[in-house]
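upload23.txt (compact mmCIF, C-alpha atoms)
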# COMPACT_ATOMS: atom_id res chain seq x y z
CA MET V 1 275.60 -122.52 226.71
CA ARG V 2 276.79 -125.72 225.08
CA GLY V 3 273.45 -125.99 223.24
CA ILE V 4 273.47 -122.38 222.01
CA LEU V 5 276.98 -122.37 220.52
CA PRO V 6 276.26 -124.80 217.64
CA LYS V 7 273.09 -122.82 216.86
CA VAL V 8 275.06 -119.56 216.73
CA VAL V 9 277.74 -121.13 214.54
CA LYS V 10 275.11 -122.63 212.23
CA ALA V 11 273.20 -119.32 212.10
CA THR V 12 276.39 -117.42 211.26
CA VAL V 13 277.37 -119.85 208.52
CA MET V 14 273.85 -119.85 207.06
CA GLY V 15 273.68 -116.07 207.24
CA LEU V 16 277.00 -115.65 205.44
CA LEU V 17 276.03 -118.23 202.82
CA TRP V 18 272.71 -116.55 202.08
CA PHE V 19 274.36 -113.12 202.02
CA PHE V 20 276.88 -114.38 199.49
CA LEU V 21 274.19 -116.01 197.34
CA LEU V 22 271.70 -113.16 197.43
CA TYR V 23 273.89 -110.08 197.49
CA VAL V 24 277.55 -110.66 196.70
CA LEU V 25 277.02 -112.97 193.73
CA PRO V 26 274.23 -110.94 192.01
CA SER V 27 276.18 -107.74 192.66
CA LEU V 28 279.22 -109.17 190.93
CA LEU V 29 277.27 -110.62 188.00
CA LEU V 30 274.47 -108.17 187.31
CA SER V 31 274.80 -104.89 189.12
CA GLU V 32 276.47 -102.81 186.38
CA LEU V 33 274.06 -103.94 183.69
CA VAL V 34 270.89 -103.73 185.77
CA GLU V 35 271.83 -100.51 187.58
CA GLN V 36 271.90 -98.73 184.22
CA VAL V 37 268.37 -99.83 183.42
CA MET V 38 266.92 -99.82 186.94
CA PRO V 39 268.54 -97.24 189.20
CA GLY V 40 267.93 -98.14 192.83
CA TYR V 41 268.19 -101.83 192.10
CA THR V 42 271.28 -102.22 194.33
CA GLN V 43 269.46 -100.78 197.36
CA LEU V 44 266.53 -103.14 196.83
CA LEU V 45 268.85 -106.10 196.42
CA ARG V 46 270.71 -105.10 199.58
CA ALA V 47 267.44 -104.74 201.51
CA PHE V 48 266.25 -108.12 200.21
CA ALA V 49 269.52 -109.80 201.25
CA ILE V 50 269.44 -108.15 204.70
CA ILE V 51 265.84 -109.28 205.30
CA ILE V 52 266.62 -112.86 204.21
CA VAL V 53 269.82 -113.06 206.27
CA PHE V 54 268.04 -111.62 209.32
CA PHE V 55 265.27 -114.21 209.12
CA VAL V 56 267.68 -117.08 208.40
CA VAL V 57 269.89 -116.21 211.36
CA VAL V 58 267.04 -115.59 213.81
CA SER V 59 265.19 -118.66 212.54
CA GLU V 60 268.26 -120.81 213.24
CA LEU V 61 268.59 -119.34 216.71
CA LEU V 62 264.92 -119.97 217.48
CA ALA V 63 264.86 -123.46 215.95
CA GLY V 64 262.86 -125.95 217.97
CA THR V 65 260.62 -123.33 219.57
CA ILE V 66 257.16 -122.01 218.71
CA PHE V 67 258.78 -118.63 217.97
CA GLN V 68 260.41 -120.15 214.91
CA TYR V 69 256.98 -120.47 213.27
CA ALA V 70 255.84 -117.08 214.45
CA LEU V 71 258.99 -115.71 212.84
CA LYS V 72 258.20 -117.54 209.59
CA MET V 73 254.73 -116.01 209.56
CA GLY V 74 256.28 -112.61 210.21
CA LYS V 75 258.70 -113.28 207.35
CA ALA V 76 255.79 -113.98 205.00
CA PHE V 77 254.17 -110.64 205.89
CA VAL V 78 257.46 -108.75 205.59
CA PHE V 79 258.08 -110.25 202.15
CA MET V 80 254.57 -109.40 200.99
CA GLY V 81 255.22 -105.80 201.96
CA PHE V 82 258.66 -105.88 200.39
CA PHE V 83 257.41 -107.27 197.07
CA ILE V 84 254.53 -104.81 196.92
CA TYR V 85 256.91 -101.93 197.66
CA SER V 86 259.71 -103.01 195.34
CA LEU V 87 257.32 -103.68 192.44
CA ASN V 88 255.44 -100.45 193.17
CA GLY V 89 252.16 -102.30 193.59
CA GLY V 90 252.67 -104.06 190.26
CA PHE V 91 253.21 -100.96 188.14
CA LEU V 92 256.86 -100.32 187.39
CA ALA V 93 257.97 -97.19 185.57
CA LEU V 94 261.45 -96.58 184.23
CA ASP V 95 262.98 -93.65 182.40
CA PHE V 96 265.78 -94.51 180.06
CA GLU V 97 267.16 -91.34 178.47
CA MET V 98 264.13 -89.93 176.58
CA VAL V 99 262.14 -93.14 176.69
CA HIS V 100 259.56 -93.81 179.39
CA ILE V 101 258.73 -97.45 180.04
CA GLU V 102 255.84 -98.75 182.12
CA ALA V 103 255.32 -102.40 182.92
CA ASP V 104 252.25 -103.89 184.53
CA LEU V 105 253.68 -106.67 186.69
CA ARG V 106 250.54 -107.46 188.67
CA VAL V 107 250.50 -111.07 187.46
CA TYR V 108 254.10 -111.47 188.56
CA LEU V 109 253.34 -109.80 191.90
CA ALA V 110 250.34 -112.09 192.36
CA MET V 111 252.62 -115.11 191.89
CA LEU V 112 255.04 -113.80 194.51
CA LEU V 113 252.23 -113.01 196.94
CA THR V 114 250.76 -116.47 196.39
CA ILE V 115 254.10 -117.98 197.42
CA ASP V 116 254.03 -115.86 200.58
CA PHE V 117 250.44 -116.83 201.35
CA LEU V 118 251.36 -120.50 200.97
CA GLY V 119 254.36 -119.95 203.23
CA LEU V 120 252.12 -118.23 205.75
CA ALA V 121 249.63 -121.11 205.69
CA LYS V 122 252.45 -123.63 206.01
CA SER V 123 253.94 -121.82 209.00
CA LEU V 124 250.53 -121.60 210.65
CA LEU V 125 249.97 -125.32 210.22
CA GLN V 126 253.48 -126.04 211.48
CA ALA V 127 252.82 -123.92 214.56
CA ILE V 128 249.55 -125.75 215.22
CA ASP V 129 251.29 -129.08 214.66
CA PHE V 130 254.12 -128.06 217.00
CA LEU V 131 251.67 -127.03 219.75
CA ALA V 132 249.57 -130.17 219.23
CA LYS V 133 252.60 -132.43 219.58
CA LYS V 134 253.80 -130.50 222.62
CA THR V 135 250.38 -130.88 224.27
CA GLU V 136 250.31 -134.56 223.41
CA ARG V 137 253.73 -135.02 225.02
CA GLN V 138 252.60 -133.17 228.15
CA LEU V 139 249.44 -135.29 228.35
CA ALA V 140 251.47 -138.47 227.89
CA ILE V 141 253.73 -137.50 230.81
CA MET M 1 248.63 -132.28 209.30
CA LYS M 2 252.01 -133.60 208.23
CA TYR M 3 250.80 -134.20 204.67
CA ALA M 4 249.15 -130.81 204.42
CA ILE M 5 252.37 -129.13 205.56
CA ARG M 6 254.37 -131.20 203.10
CA ALA M 7 251.95 -130.38 200.28
CA LEU M 8 252.20 -126.68 201.03
CA GLY M 9 255.98 -127.00 201.06
CA TRP M 10 255.94 -128.66 197.65
CA ALA M 11 253.52 -126.09 196.28
CA THR M 12 255.73 -123.25 197.53
CA ALA M 13 258.83 -124.84 196.01
CA ALA M 14 257.04 -125.43 192.71
CA LEU M 15 255.83 -121.84 192.59
CA TRP M 16 259.31 -120.53 193.35
CA ILE M 17 260.73 -122.61 190.51
CA LEU M 18 257.95 -121.34 188.23
CA VAL M 19 258.61 -117.71 189.18
CA ILE M 20 262.36 -118.05 188.74
CA LEU M 21 261.97 -119.86 185.40
CA PHE M 22 259.39 -117.33 184.21
CA SER M 23 261.59 -114.39 185.24
CA GLY M 24 264.65 -115.85 183.55
CA THR M 25 262.90 -116.79 180.33
CA VAL M 26 261.06 -113.46 180.11
CA VAL M 27 264.33 -111.52 180.41
CA TYR M 28 266.04 -113.85 177.93
CA SER M 29 263.11 -113.67 175.51
CA ALA M 30 262.88 -109.89 175.72
CA MET M 31 266.50 -109.73 174.63
CA GLN M 32 265.68 -111.84 171.57
CA ILE M 33 263.13 -109.36 170.21
CA GLY M 34 264.38 -107.34 167.28
CA MET M 35 262.81 -104.19 165.88
CA ASN M 36 264.12 -102.97 162.57
CA PHE M 37 263.48 -99.74 160.67
CA GLY M 38 265.58 -100.85 157.73
CA GLU M 39 263.97 -99.02 154.85
CA GLU M 40 263.77 -95.26 154.38
CA PRO M 41 260.43 -93.62 155.21
CA GLU M 42 258.44 -92.76 152.10
CA MET M 43 256.64 -89.43 151.67
CA THR M 44 253.53 -89.17 149.56
CA VAL M 45 251.21 -86.24 148.95
CA SER M 46 247.67 -86.71 147.82
CA ASN M 47 244.35 -84.93 148.31
CA GLY M 48 245.87 -82.32 150.60
CA GLU M 49 247.35 -84.94 152.87
CA ILE M 50 251.03 -85.55 153.45
CA THR M 51 251.69 -89.13 154.47
CA MET M 52 254.96 -90.42 155.83
CA SER M 53 255.08 -94.21 155.63
CA ILE M 54 257.58 -95.82 157.98
CA PRO M 55 258.19 -99.50 157.23
CA PHE M 56 259.29 -101.60 160.18
CA SER M 57 259.67 -105.21 161.12
CA ILE M 58 259.51 -106.95 164.47
CA SER M 59 261.06 -110.36 164.92
CA ASN M 60 260.03 -112.24 168.01
CA GLY M 61 262.87 -114.63 168.69
CA GLY M 62 261.81 -115.14 172.30
CA LEU M 63 259.88 -117.92 173.95
CA TYR M 64 256.62 -116.02 174.41
CA ASP M 65 254.06 -114.42 172.11
CA ILE M 66 253.63 -110.69 171.78
CA SER M 67 249.98 -109.67 171.61
CA GLU M 68 247.99 -106.49 171.16
CA LEU M 69 250.90 -104.49 169.78
CA ASN M 70 249.80 -100.92 169.26
CA ILE M 71 251.98 -98.16 167.85
CA THR M 72 250.49 -94.69 168.10
CA THR M 73 252.10 -91.44 167.06
CA PHE M 74 250.68 -87.99 167.46
CA ILE M 75 251.94 -84.68 166.24
CA ALA M 76 250.95 -81.48 168.00
CA ALA M 77 251.52 -77.85 167.20
CA GLU M 78 253.03 -75.35 169.62
CA ASP M 79 249.64 -74.63 171.17
CA GLU M 80 249.22 -78.40 171.75
CA THR M 81 246.55 -78.76 169.07
CA VAL M 82 246.87 -82.28 167.73
CA ILE M 83 247.27 -82.20 163.97
CA SER M 84 247.92 -85.87 163.41
CA ARG M 85 247.19 -89.07 165.25
CA SER M 86 248.07 -92.40 163.67
CA THR M 87 247.78 -95.90 165.01
CA THR M 88 249.11 -99.22 163.74
CA THR M 89 248.06 -102.41 165.45
CA VAL M 90 249.40 -105.94 165.25
CA PRO M 91 247.10 -108.40 167.04
CA LEU M 92 249.68 -111.15 167.52
CA ILE M 93 253.35 -111.86 166.90
CA SER M 94 253.85 -115.50 167.74
CA ARG M 95 257.18 -116.71 169.01
CA GLY M 96 259.62 -117.22 166.19
CA ASP M 97 257.61 -115.03 163.82
CA THR M 98 258.59 -111.83 162.05
CA VAL M 99 255.99 -109.22 161.19
CA ASN M 100 256.50 -106.55 158.54
CA LYS M 101 254.22 -103.53 158.77
CA THR M 102 254.12 -99.89 157.79
CA HIS M 103 253.20 -97.11 160.15
CA ASP M 104 251.59 -94.20 158.30
CA ILE M 105 251.72 -90.71 159.76
CA SER M 106 249.41 -88.31 157.95
CA ILE M 107 249.17 -84.56 158.19
CA SER M 108 246.31 -82.82 156.44
CA LEU M 109 247.14 -79.26 155.48
CA ASP M 110 243.44 -78.57 155.09
CA ASP M 111 243.18 -79.49 158.78
CA ILE M 112 245.81 -76.89 159.55
CA VAL M 113 243.60 -74.31 157.92
CA THR M 114 240.39 -75.48 159.59
CA LYS M 115 241.98 -75.89 163.03
CA ASN M 116 243.12 -72.26 163.03
CA LEU M 117 246.77 -73.20 162.76
CA THR M 118 247.41 -71.01 159.73
CA TYR M 119 250.50 -69.54 161.38
CA MET M 120 252.13 -72.84 160.44
CA LEU M 121 251.89 -71.74 156.81
CA PHE M 122 253.98 -68.62 157.50
CA ASN M 123 256.21 -69.39 160.48
CA ASP M 124 258.77 -72.11 161.07
CA ILE M 125 257.97 -73.85 164.34
CA ASN M 126 258.85 -76.95 166.31
CA LEU M 127 256.22 -79.67 166.34
CA SER M 128 256.06 -82.04 169.26
CA VAL M 129 255.94 -85.67 168.22
CA GLY M 130 254.77 -88.26 170.71
CA MET M 131 255.22 -91.97 170.18
CA PHE M 132 253.52 -94.66 172.21
CA VAL M 133 254.06 -98.40 171.90
CA GLY M 134 251.85 -100.73 173.87
CA LEU M 135 251.97 -104.51 173.94
CA THR M 136 251.24 -107.51 176.10
CA TYR M 137 254.12 -109.89 176.55
CA ALA M 138 253.59 -113.56 177.32
CA TYR M 139 249.87 -112.77 177.76
CA ALA M 140 250.81 -111.66 181.27
CA ILE M 141 252.86 -108.47 181.21
CA PRO M 142 251.33 -105.37 179.61
CA LEU M 143 254.11 -102.98 178.65
CA THR M 144 254.03 -99.41 177.39
CA ILE M 145 256.92 -97.46 175.95
CA SER M 146 256.52 -93.77 175.20
CA THR M 147 258.75 -90.96 174.09
CA ASP M 148 258.38 -87.30 173.16
CA LEU M 149 260.45 -85.71 170.45
CA SER M 150 260.61 -82.38 168.72
CA MET M 151 260.47 -82.03 164.95
CA PRO M 152 261.10 -78.82 163.00
CA TRP M 153 258.29 -77.64 160.74
CA GLY M 154 259.21 -75.52 157.78
CA ALA M 155 256.55 -73.04 156.70
CA PRO M 156 255.65 -73.21 153.00
CA LEU M 157 254.98 -69.46 152.82
CA ASN M 158 257.75 -68.17 155.06
CA ASN M 159 258.62 -64.46 154.81
CA LEU M 160 255.61 -63.76 152.60
CA ALA M 161 255.89 -60.17 151.41
CA ILE M 162 254.60 -57.96 148.66
CA GLY M 163 256.14 -54.85 147.15
CA GLU M 164 254.63 -51.72 145.67
CA ILE M 165 252.42 -51.85 142.61
CA SER M 166 254.14 -50.28 139.62
CA PRO M 167 252.79 -46.73 139.19
CA THR M 168 252.17 -46.97 135.47
CA PRO M 169 250.63 -49.64 133.21
CA PRO M 170 251.23 -52.51 132.70
CA TYR M 171 250.72 -52.90 136.43
CA ASP M 172 252.40 -55.62 138.35
CA LEU M 173 252.89 -56.53 141.99
CA PRO M 174 256.14 -57.97 143.39
CA LEU M 175 255.55 -61.00 145.61
CA SER M 176 258.05 -63.14 147.45
CA PHE M 177 258.17 -65.97 149.92
CA GLU M 178 260.39 -68.90 150.85
CA ASN M 179 259.22 -72.47 150.87
CA HIS M 180 260.79 -74.02 153.96
CA ALA M 181 258.47 -77.02 153.79
CA PHE M 182 259.57 -80.49 152.77
CA PHE M 183 256.96 -80.50 149.96
CA GLY M 184 256.82 -78.45 146.80
CA LEU M 185 254.15 -75.90 146.00
CA ASN M 186 252.41 -76.30 142.69
CA GLY M 187 249.31 -74.27 141.93
CA THR M 188 248.11 -70.72 141.54
CA ILE M 189 248.12 -67.51 143.52
CA SER M 190 245.21 -65.16 142.95
CA LEU M 191 245.11 -61.67 144.34
CA GLU M 192 242.55 -58.98 144.83
CA ILE M 193 243.43 -55.33 145.28
CA MET M 194 241.09 -53.26 147.44
CA ASP M 195 240.90 -49.50 147.78
CA SER M 196 240.35 -47.44 150.91
CA LEU M 197 236.55 -47.87 150.52
CA ASN M 198 237.10 -51.63 150.57
CA GLU M 199 236.09 -51.95 146.94
CA LEU M 200 237.75 -54.23 144.46
CA ILE M 201 239.94 -52.20 142.10
CA GLY M 202 242.22 -54.85 140.71
CA SER M 203 243.07 -58.52 140.44
CA GLY M 204 245.68 -60.90 139.14
CA THR M 205 246.63 -64.55 138.97
CA THR M 206 249.84 -66.42 138.47
CA ASP M 207 250.98 -70.00 138.44
CA ILE M 208 253.64 -71.08 140.87
CA LEU M 209 255.98 -74.03 141.09
CA VAL M 210 258.29 -73.78 144.08
CA GLN M 211 260.51 -76.65 145.07
CA PRO M 212 261.10 -77.60 148.73
CA GLY M 213 263.71 -75.24 150.15
CA GLY M 214 263.26 -72.91 147.19
CA GLY M 215 261.88 -69.43 147.02
CA TYR M 216 259.46 -67.39 144.95
CA ASP M 217 260.40 -63.85 144.04
CA ASP M 218 258.56 -62.52 141.04
CA THR M 219 256.07 -59.93 139.89
CA ILE M 220 252.43 -60.80 139.26
CA PRO M 221 250.73 -58.95 136.43
CA VAL M 222 247.60 -57.25 137.73
CA THR M 223 244.67 -55.48 136.16
CA ILE M 224 243.76 -52.23 137.90
CA THR M 225 240.31 -50.74 137.23
CA GLY M 226 240.45 -48.00 139.84
CA ASP M 227 242.94 -45.50 141.17
CA PRO M 228 246.32 -47.26 141.60
CA SER M 229 247.38 -44.68 144.18
CA ASP M 230 244.41 -45.60 146.42
CA VAL M 231 245.38 -49.20 147.17
CA ALA M 232 244.55 -50.07 150.81
CA GLU M 233 245.09 -53.79 150.93
CA VAL M 234 245.93 -56.82 148.87
CA ARG M 235 244.18 -60.15 149.42
CA LEU M 236 246.05 -63.26 148.40
CA TYR M 237 244.47 -66.64 147.67
CA PHE M 238 246.62 -69.76 147.44
CA ASP M 239 245.33 -72.78 145.62
CA THR M 240 247.94 -75.54 145.52
CA SER M 241 247.86 -79.28 145.12
CA ILE M 242 248.34 -79.64 148.88
CA PHE M 243 246.25 -76.88 150.40
CA SER M 244 243.95 -74.03 149.55
CA PHE M 245 244.05 -70.97 151.69
CA GLY M 246 242.92 -67.39 151.56
CA PRO M 247 242.47 -64.60 151.81
CA VAL M 248 245.77 -63.52 153.30
CA VAL M 249 245.16 -59.81 153.83
CA ILE M 250 248.20 -57.58 153.53
CA PRO M 251 247.56 -53.87 154.22
CA ILE M 252 249.33 -51.33 152.05
CA GLU M 253 250.48 -48.20 153.84

So, in terms of structure tokens, how does the structure I just supplied come out?
Amino acid sequence: MRGILPKVVKATVMGLLWFFLLYVLPSLLLSELVEQVMPGYTQLLRAFAIIIVFFVVVSELLAGTIFQYALKMGKAFVFMGFFIYSLNGGFLALDFEMVHIEADLRVYLAMLLTIDFLGLAKSLLQAIDFLAKKTERQLAI
Amino acid sequence: MKYAIRALGWATAALWILVILFSGTVVYSAMQIGMNFGEEPEMTVSNGEITMSIPFSISNGGLYDISELNITTFIAAEDETVISRSTTTVPLISRGDTVNKTHDISISLDDIVTKNLTYMLFNDINLSVGMFVGLTYAYAIPLTISTDLSMPWGAPLNNLAIGEISPTPPYDLPLSFENHAFFGLNGTISLEIMDSLNELIGSGTTDILVQPGGGYDDTIPVTITGDPSDVAEVRLYFDTSIFSFGPVVIPIE
């Protein structure tokens, strides 16, 4: 119990901090301007913040276990799906009064997916490293 | 293993910085692009073609180049027949540059005749005007902007009507129409008068000069060689500086 409490406190603080940075601050600064151009932006931003906060909190709670890396890999997959969904597969279409705008953001999406793939690879290596060290410790005992 | 993990961490951080910087600078740069339609469009008429020249300038004050800029406009009649399609391309607008170009939209009135759109000569309609702008920003983001508008078309021979031929010589035929078009009509009207056996019994010609928005309401002197009481139809031929059209067959009851 004594070991869990600091983790819960740290997870709560981290979660609140990330929520403030990713949702409260952008909402205060940008929402009115961007919502006019991109309706639905607030929902996406909220979803993004919720996903990040969820993974930050759970990651803090699972710190020091193999599940932390499994969670990071899961996070990479969730973000890939989120980016593909929110960027509509790279083809964004907006209607602004009588003007229809289409943007091909596949290059941008590719950059975001590359980040997630690197994160996935990193988490995989970290998991292998974690298991290797654990096995080494067990063998040493 | 440790170094590989660290390298991947650095690569991820570097890519995040790149993405955030790219996003920020693209949004900032997009806001620095100015498009200006400062001068009035110029209308010219030559060889049966009406051309509207729209001068514009694009100043790229952003941090990235604009490439493959393509401005296309098309004008379609009510039955969706395309009567004009014009494209202006600018291969490259480098950052910091300003490009001045003119987009020409041409409508050929001879095309209207050949494409079976002759109702446009007699009836006011609404034309649909489509505009499409395509470009590639920062060599990475293809962008298309399109809009559909409606533009009124004024018929040059609106309310075309003829009256009765005078019963006694010298014969003449009243003719009237309103020019709702934005161009003037300068040319001649020829007419043929046919009897009930579809034989030519009379003819006439007159010069016309009708300003845009003006009307024509006059009598045309005609020569009748047959029975003036046996007129079945009148055929009108228009030969103007912008279009030639005929016959317009008007039955006489």

- Task: Find, counting only C-alpha atoms, the residue in M:Thr144, M:Ser84, M:Ser203, M:Ser108 that gets nearest to Phe91 in chain V.
- Result: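 Checking each of M:Thr144, M:Ser84, M:Ser203, M:Ser108 against Phe91 in chain V, counting only C-alpha atoms, the winner is M:Thr144.
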
- Message: Within 10 Å of chain V, which residues belong to chain M? Use only C-alpha atoms and report them as a ChimeraX atom specification.
- Response: /M:1-2,4-16,18-19,22-23,131-137,139-149

So that I can see what lies close to Ile50 in chain V, please list as an mmCIF file with C-alpha atoms, keeping the file's coordinate frame the residues with an atom at most 10 Å from it, counting only C-alpha atoms and leaving out residues fewer than 6 positions away in the same chain.
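Final output, part_19.cif:
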data_model
loop_
_atom_site.group_PDB
_atom_site.id
_atom_site.type_symbol
_atom_site.label_atom_id
_atom_site.label_comp_id
_atom_site.auth_asym_id
_atom_site.auth_seq_id
_atom_site.Cartn_x
_atom_site.Cartn_y
_atom_site.Cartn_z
ATOM 1 C CA GLY V 15 273.680 -116.070 207.240
ATOM 2 C CA TRP V 18 272.710 -116.550 202.080
ATOM 3 C CA PHE V 19 274.360 -113.120 202.020
ATOM 4 C CA LEU V 22 271.700 -113.160 197.430
ATOM 5 C CA TYR V 23 273.890 -110.080 197.490
ATOM 6 C CA LEU V 44 266.530 -103.140 196.830
ATOM 7 C CA VAL V 56 267.680 -117.080 208.400
#

Tell me, as a compact mmCIF listing (two decimals) with C-alpha atoms, keeping the file's coordinate frame, which residues lie within 9 Å of range 5-14 of chain V, counting all atoms listed in the file; anything in the same chain fewer than 3 positions away does not count.
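around.txt, written as the output of this step:
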# COMPACT_ATOMS: atom_id res chain seq x y z
CA MET V 1 275.60 -122.52 226.71
CA ARG V 2 276.79 -125.72 225.08
CA LEU V 17 276.03 -118.23 202.82
CA TRP V 18 272.71 -116.55 202.08
CA PHE V 19 274.36 -113.12 202.02
CA VAL V 53 269.82 -113.06 206.27
CA VAL V 56 267.68 -117.08 208.40
CA VAL V 57 269.89 -116.21 211.36
CA VAL V 58 267.04 -115.59 213.81
CA SER V 59 265.19 -118.66 212.54
CA GLU V 60 268.26 -120.81 213.24
CA LEU V 61 268.59 -119.34 216.71
CA LEU V 62 264.92 -119.97 217.48
CA ALA V 63 264.86 -123.46 215.95

- Mind checking which residues fall within 9 Å of range 179-182 of chain M, counting all atoms listed in the file, ignoring those fewer than 6 positions away in the same chain, and posting them as a VMD selection string? chain M and resid 121 124 153 to 159 210 to 216

- Item | Exercise: Asn36 in chain M partners within 9 Å, all atoms listed in the file, chain neighbours under 3 positions left out, as an MDAnalysis selection string | chainID M and resid 39 55:59

- Do you have the CA of Asp207 in chain M-CA of Phe177 in chain M distance handy? 14.1 Å

Completed range 109-124 of chain V (N, CA, C and O atoms) as a compact mmCIF listing (two decimals), in the frame of the given file:
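Written file, selection22.txt:
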# COMPACT_ATOMS: atom_id res chain seq x y z
N LEU V 109 253.49 -110.11 190.47
CA LEU V 109 253.34 -109.80 191.90
C LEU V 109 252.38 -110.80 192.55
O LEU V 109 252.62 -111.27 193.68
N ALA V 110 251.33 -111.13 191.82
CA ALA V 110 250.34 -112.09 192.36
C ALA V 110 251.00 -113.45 192.61
O ALA V 110 250.71 -114.11 193.61
N MET V 111 251.91 -113.83 191.70
CA MET V 111 252.62 -115.11 191.89
C MET V 111 253.48 -115.05 193.15
O MET V 111 253.51 -116.00 193.95
N LEU V 112 254.18 -113.93 193.33
CA LEU V 112 255.04 -113.80 194.51
C LEU V 112 254.21 -113.77 195.80
O LEU V 112 254.57 -114.39 196.80
N LEU V 113 253.08 -113.08 195.76
CA LEU V 113 252.23 -113.01 196.94
C LEU V 113 251.61 -114.38 197.25
O LEU V 113 251.43 -114.74 198.42
N THR V 114 251.30 -115.13 196.18
CA THR V 114 250.76 -116.47 196.39
C THR V 114 251.77 -117.35 197.13
O THR V 114 251.42 -118.10 198.05
N ILE V 115 253.03 -117.22 196.73
CA ILE V 115 254.10 -117.98 197.42
C ILE V 115 254.11 -117.61 198.90
O ILE V 115 254.21 -118.48 199.78
N ASP V 116 254.00 -116.31 199.18
CA ASP V 116 254.03 -115.86 200.58
C ASP V 116 252.80 -116.35 201.35
O ASP V 116 252.91 -116.72 202.52
N PHE V 117 251.66 -116.33 200.68
CA PHE V 117 250.44 -116.83 201.35
C PHE V 117 250.57 -118.32 201.67
O PHE V 117 250.17 -118.78 202.73
N LEU V 118 251.14 -119.06 200.71
CA LEU V 118 251.36 -120.50 200.97
C LEU V 118 252.33 -120.71 202.13
O LEU V 118 252.14 -121.58 202.98
N GLY V 119 253.38 -119.89 202.14
CA GLY V 119 254.36 -119.95 203.23
C GLY V 119 253.71 -119.62 204.57
O GLY V 119 254.00 -120.26 205.59
N LEU V 120 252.83 -118.64 204.53
CA LEU V 120 252.12 -118.23 205.75
C LEU V 120 251.24 -119.38 206.26
O LEU V 120 251.26 -119.71 207.46
N ALA V 121 250.51 -120.00 205.33
CA ALA V 121 249.63 -121.11 205.69
C ALA V 121 250.45 -122.28 206.24
O ALA V 121 250.08 -122.91 207.24
N LYS V 122 251.58 -122.52 205.58
CA LYS V 122 252.45 -123.63 206.01
C LYS V 122 252.97 -123.38 207.44
O LYS V 122 252.94 -124.28 208.29
N SER V 123 253.41 -122.15 207.67
CA SER V 123 253.94 -121.82 209.00
C SER V 123 252.86 -121.93 210.07
O SER V 123 253.11 -122.40 211.19
N LEU V 124 251.66 -121.52 209.70
CA LEU V 124 250.53 -121.60 210.65
C LEU V 124 250.24 -123.06 211.01
O LEU V 124 250.08 -123.40 212.20
